[in-house]
Every structure is written in structure tokens, then in C-alpha cells.
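Scroll down for the structure; my scribbles are underneath it.
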Amino acid sequence: MNLDVREWLETDGHGGYAMGTVCGIRTRRYHALWCVATSPPRARMVLVNGLEVFVSLPDGRRLALSSQRYRGGVVYPDGAARIAAFTHAPWPRWEFVLEDGTRLVQEVLLARNAPCLVMRWRCDAAATLIVRPLMSGRDHHALHHENPGFRFDPEVRGGALTWRPYSGVPAVTALSNGHYRHAPEWYRSFHYTEEEARGLDCVEDLASPGEFTFEFPDGPAVLVLSGGDLPDEREVADFAQARFAIESTRRRGSVLERAADAFLVEGAGGRTVIAGYPWFADWGRDTFIALRGLCLSTGRHDDARSILLAWSGRLSQGMLPNRFTAAGGAPEYNSVDASLWFIVAADAFLRRKAFCAPGDRRALEDAIEAIVAGFAAGTRYGIGADGDGLLRAGEPGTQLTWMDARADGRAVTPRVGKPVEVQALWINALAVAARRAPRWAEPLARARAAFDARFWNAGRRMLLDVVDVDHQAGRCDPRCRPNQILAVGGLPLPLLEGERARAVVDACEAELWTPAGLRSLAPGETGYIGAYRGGPGERDAAYHQGTAWAWLDGPFVEAWVRVRGGTPAARAQARRRFLEPALARVDLMGLGHLAEIADGDPPHAPCGAPFQAWSVAEALRLERDVLA
């Protein structure tokens with residue numbers, strides 16, 4: 001049996017999703033036929049985990065279209081063996097071939113901005129389709145186990161069936177053009193191999209209230225799951241057809257454009273960006289790094305404006321939040337760079353004058369001024385402008401930069417002091433502020449002079465990663481990391497030019513570049529880990545210690561082109577040499593997407609989140625802007 005475990009994704013525009021593998025076997029706790037955002041876009045709950053699907057033929061044979069993995073390595077039934085073809089665009093579509101040559105098509109569609117999942121099966125031969133939902137009603141980070149509290153009995157209203165599995169859990173309403181037979185069963189001991197590989201709990205029990213049957217070839221079989229109102233059962237096939245038609249029109253565009261759509265969602269506080277699926281929510285840093293590619297490079301200016309204005313209202317002591325808790329608690333202001341990336345994104349939007357009304361411009365400019373003033377005066381976690389004009393940040397036990405992993409209660413890469421990319425962001429922020437308020441011109445000049453004097457490592461012909469480590473004057477971290485590339489590319493104002501800029505780019509290409517992105521630490525450096533494997537502690541320890549990151553392709557390729565004069569020939573060469581190998585990886589893990597990370601060692605297997613916003617965003621920015 002050829003088990004293809006690449007993953008597909010459908011999203012609903014509010015943080016909910018449908019997600020699974022090509023072969024249909026769930027390998028993660030997050031794989032779900034229907035996962036809804038109960039507090040968009042952060043809190044999510046899995047309502048329907050999957051399906052058992054069989055076909056009964058006129059000769060009495062009963063053949064499977066589904067497969068499940070159970071504890072002990074048992075895979076049953078054998079539906080995956082009958083998959084003849086699969087495509088994820090414009091929505092997941094499987095073609096099955098039975099032993100007698102009968103062909104069936106199965107389609108799954110999650111409607112955009114509507115609490116509605118549509119499934120459709122087609123077959124031209126005489127057959128009976130049997131579909132049994134597998135349900136839970138749990139937080140998407142949790143697992144479900146057999147218990148007496150699950151409510152199997154549905155409420156019946158017309159042709160619609162509504163289950164309310166537990167108190168406080170959203171209802172599941174089903175409508176079909178088939179027949180429902182109530183037959184409650186517990187399915188026990190599903191085994192999720194990806195969870196096991198991460199050293200986590202990996203066995204789950206699911207409840208199945210009954211089964212739907214459909215007769216072929218009397219038209220398509222349709223099953224719709226919804227959290228809202230549904231049409232009469234006599235109209236369900238037309239309802240499904242209309243949804244497919246709407247989504248067919250909406251989903252036009254390139255692979256990367258369609259991928260970008262998954263991350264732009266509506267939350268309670270306005271438009272925002274999901275950092276990645278399946279486990280991330282909307283994080284400040286990820287949002288602002290991704291915004292230029294997801295929104296500006298694709299012409300989604302209204303989305304950009306909505307996102308920036310929504311976030312600008314969350315300023316506190318010159319800082320924007322880095323993340324929110326799913327439970328709705330206080331936001332976490334634990335990032336030195338999220339606010340600075342906001343300035344980069346806001347300024348890029350403001351430069352597109354035709355799309356910014358005067359009131360919006362004032363609000364964004366006021367936010368930029370508040371951030372720069374707050375950072376200059378000093379704010380949380382020891383963040384503040386030092387006497388040399390550079391930005392210091394960090395306290396013992398904190399991790400404020402994008403290299404923010406913790407393992408066994410400790411910060412793996414604390415980078416307390418003056419990190420190189422933070423200075424690049426800070427100086428860019430001062431430059432933006434100085435265009436509007438002359439009082440920032442002198443701090444800008446002072447910071448630039450200090451950067452030139454303090455960060456160049458003449459012995460290695462690259463930039464230091466951190467100066468004044470742990471706020472100890474003159475103590476430096478000289479390890480080769482990708483953060484230095486932001487002094488040359490990825491930001492509007494490069495801090496290096498000429499021979500030094502070329503040396504930094506050459507060093508990053510020689511030591512850090514992979515087809516999957518730049519490594520977070522060069523091989524041979526102290527602490528390098530070339531594979532992202534093991535339990536949570538091992539993976540967190542490797543996260544920024546050699547793991548390759550796809551989003552870093554954007555700054556690197558832009559820097560590579562800049563030091564070659566930005567000529568058409570340089571752009572064409574960069575497209576062939578760097579962008580095309582990156583785009584060749586869109587179907588390696590999350591279909592139609594670029595994964596979050598990859599092993600630093602060859603063959604650079606993709607890992608981490610299979611669907612990651614800033615990975616897609618920076619590829620779009622390269623394709624549409626930098627290399628156009």
C-alpha cells in the first residue's frame with residue numbers, strides 16, 4: 001500500500017480548517033474534517049475528525065474508500081489502496097477505482113466566510129455509498145477518549161440532524177440527500193504517528209452516531225456539515241453545486257496566491273494573519289513580516305489597511321503584542337522586533353498613497369511615532385536606545401527576537417544585548433520616523449555610525465550576531481547566523497554597501513543557504529543541530545540552531561540581487577538559482593504551500609508547520625516585487 005502522507009488544507013476565513021493527508025489516514029491530532037474557530041481566529045475545536053466510507057456493490061461486495069491507523073501499527077480498512085488520483089486544487093478531490101473498474105470521485109470543500117463543509121461523491125455505476133462520521137468535540141490541541149458523556153442522539157428538524165456532543169461545544173448540523181440510520185459506536189485507539197514522533201500522546205477514541213447511505217447513479221451524493229442554517233434536504237444538491245461554483249471562481253490565481261488566501265482571516269478584533277496551520281494563531285511578528293508579501297505584493301490593499309489599523313490600536317508603552325492567548329487573556333508584549341516590523345509594513349503601505357485615506361495615514365503615522373518614541377525612551381524587558389544610539393534588549397531568561405524557542409525552561413538563543421537584525425530594524429524605523437519628524441535625524445545618524453563601527457567582523461568578513469552580549473560592553477557573539485542578512489536585504493534601507501555588503505551575502509550563501517531557506521546557524525558552529533527531530537525539548541533545541549527557514553529566502557535573495565546592482569540579469573539569475581528551487585518544494589509537505597522549516601542537513605526534509613504564512617509571503621514578495 002502506497003501511503004501518501006502529504007497534507008492538504010481547506011480554510012474558512014476565520015481560523016477554522018479542514019486538513020488531512022492524501023491517503024486519508026490521520027497522522028496528527030490536528031487532522032480534522034471540520035475544525036471550527038470558536039473564538040476567531042485563535043481558539044479552535046475539532047468537531048468532526050474524519051469519515052469511514054464504504055461502497056456496497058450489487059454483487060454483495062463491500063469495499064472501503066477510507067483507511068485508519070490504529071494502535072499496534074494496524075491500518076484498516078484498505079481504502080487508500082483504491083486511490084487512483086488526487087488533486088488539491090481548487091479543492092481536495094480523490095478518484096477511486098474499484099476492483100471491477102468502477103470509478104468514484106470524492107470532493108471536500110470548506111466554504112469561505114460561512115460555517116459550512118460540503119462533501120460530494122459521484123459514481124456512474126450502480127452502488128450504495130455508506131458514510132459514517134467520526135466525531136469528538138475537543139480542543140484542537142487535545143485528544144478525545146471514550147466516555148459516557150458523549151451525546152449520540154441527534155435533534156431532528158425536517159431533514160437536518162443536529163448533534164450537541166458536550167455542553168459548551170458548538171453544535172454539528174448535518175444535511176444530506178441520503179438516508180440516515182442511527183447506530184452509535186465508539187471507534188477506539190486511533191494512532192497518530194506524527195504525535196508519536198514528537199514524543200506526545202498519540203492515541204484517540206472517536207464517537208460515531210450513525211451512518212448515511214446514498215444510492216448511485218441517482219446523481220451526486222452530498223453531505224453538508226454546518227454550524228448555521230441549511231436549506232431543505234430537497235435542495236441540498238443545488239446548495240452544494242452553488243458552493244462549488246462560488247469557490248471555483250474565487251480560487252483563481254497562482255499557487256502562491258491561493259496559498260496566501262488561507263492566512264488572511266477575520267477575527268473578533270478585525271482582519272489579521274494566521275501565522276501557520278495547524279497550531280499557530282495570529283502573532284504580531286509573523287503578521288508584519290508576512291504582510292508585504294501576502295497583501296501588498298498581491299494587491300490586497302484593503303486587507304493590508306484593515307490589518308495595520310486593527311493592530312495599531314493595541315499599542316502599549318510603545319510596543320505591539322507578539323501573541324494572544326486562545327482563552328482571551330492579556331496579550332503578550334514579549335518581542336523586541338514585532339513593533340519594528342510593523343513600521344516596515346506600515347511604511348510600505350503608506351508609500352502606496354492611492355490606497356491610504358488621510359485619517360488612516362494619520363493613525364498609522366501616529367503609531368510609528370509612538371513606537372519609535374517608546375523604544376528610544378525605554379520600555380519593557382530592558383528595551384531602549386543606548387548611549388551609542390543602538391537598541392539594547394533583553395533580560396535574563398527572556399527571548400525577545402524571532403529566535404525565541406525555549407527548551408526545558410530555558411531560552412535556547414536568548415541573544416540578550418544588541419542583536420544585529422534588531423539594529424537593522426531599528427535604524428530602518430528611525431529612517432521612517434525621520435522623514436516625518438526631523439528630531440529623529442540625529443539619532444538615526446548616531447545609530448548608523450555605531451553600527452558601522454561595532455558590527456563588522458574583519459576576521460571572518462561578516463557581521464557579528466550580537467554585540468554587548470548580556471549587556472556586557474564589548475562582549476560579542478561572532479557565530480555565523482542569518483540575522484546579518486537583514487543589514488543588506490529584506491528592509492528598505494540597507495546598512496551595508498559595496499565590498500562589505502558583498503562579503504556578507506557571500507558568507508550567507510556559502511555557509512547558510514539551502515534550497516529550503518537559510519540555516520539558522522552555520523554547520524561547524526558551536527551548537528549546530530542539523531536535523532529537527534525528537535520530542536518537544538529536542539525540537540525546540542534545534543529550532544534556531546541549524547534548522548533552515550523558508551522565510552529567510554526573501555531577505556537573502558533581495559540582498560543577493562542588491563549587491564549585483566539590481567540589474568535585470570541579476571534578477572533573472574536569482575530567479576533561476578534561488579526562487580525556482582524554493583518553489584519546487586511547494587508540494588513536498590503541505591500541498592500548494594511552503595513549510596515553515598526544513599532540516600539544515602541534506603536532503604533538507606521539510607518539517608514544522610506544513611502551512612506557514614511568512615514562507616509563502618516572502619516567496620510572493622520575491623516573485624512579484626524583488627525579482628519582477
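Labels for the C-alpha cells follow display order: chains A, B, ..., residues from 1 in each chain, ligands from 1.
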> Val469 in chain A: which residues within 9 Å, counting only C-alpha atoms, same-chain residues fewer than 2 positions away excluded, as a PyMOL selection string?
Replying inline: chain A and resi 415-419+466-467+471-477
>> If DSSP is run on the backbone, what residues of range 483-539 of chain A are strand (DSSP E or B)? A reply as a ChimeraX atom specification would be ideal.
In response: /A:513-514,517-519
Would you output that residue set with C-alpha atoms, as a tab-separated table (two decimals), in the first residue's frame?
chain	number	residue	atom	x	y	z
A	513	TRP	CA	21.89	28.79	2.06
A	514	THR	CA	19.89	25.66	1.27
A	517	GLY	CA	15.92	28.60	3.02
A	518	LEU	CA	18.80	29.88	5.13
A	519	ARG	CA	20.05	27.79	8.02
Which residues of range 414-509 of chain A sit at most 12 Å from range 565-584 of chain A, using only C-alpha atoms? Give each one's shortest atom pair and distance in Å (one decimal place), in chain and ascending residue order, as JSON lines.
{"residue": "A:Gly489", "atom": "CA", "partner": "A:Gly566", "partner_atom": "CA", "distance": 11.6}
{"residue": "A:Glu497", "atom": "CA", "partner": "A:Gly565", "partner_atom": "CA", "distance": 10.6}
{"residue": "A:Gly498", "atom": "CA", "partner": "A:Gly565", "partner_atom": "CA", "distance": 10.0}
{"residue": "A:Ala501", "atom": "CA", "partner": "A:Gly565", "partner_atom": "CA", "distance": 11.6}
{"residue": "A:Arg502", "atom": "CA", "partner": "A:Gly565", "partner_atom": "CA", "distance": 10.8}
{"residue": "A:Glu509", "atom": "CA", "partner": "A:Phe578", "partner_atom": "CA", "distance": 10.5}
>> DSSP on the backbone, helix (DSSP H, G or I) only: what residues of range 78-288 of chain A does that give? Format it as a ChimeraX atom specification.
In response: /A:79-82,193-197,233-250,255-261,284-288
>> Report, in Å to a single decimal, how far apart CA of Gly524 in chain A and CA of Asp601 in chain A are.
In response: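 Going from CA of Asp601 in chain A over to CA of Gly524 in chain A, I get 11.8 Å.
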>> With distances taken over only C-alpha atoms, which residue among A:Arg448, A:Arg103, A:Arg460, A:Arg198 lies nearest Asp124 in chain A?
In response: A:Arg103
> Skipping near chain neighbours, those fewer than 2 positions away, what residues fall within 8 Å of Met135 in chain A using only C-alpha atoms, listed as a list in words?
Replying inline: Leu47, Val48, Asn49, Gly50, Pro133, Gly137, Leu206, Ala207 and Ser208 of chain A
> Do you know which residues are at most 7 Å from Pro555 in chain A counting only C-alpha atoms, after dropping those on the same chain fewer than 5 positions away, and could you put them as a count of residues only?
Replying inline: 4
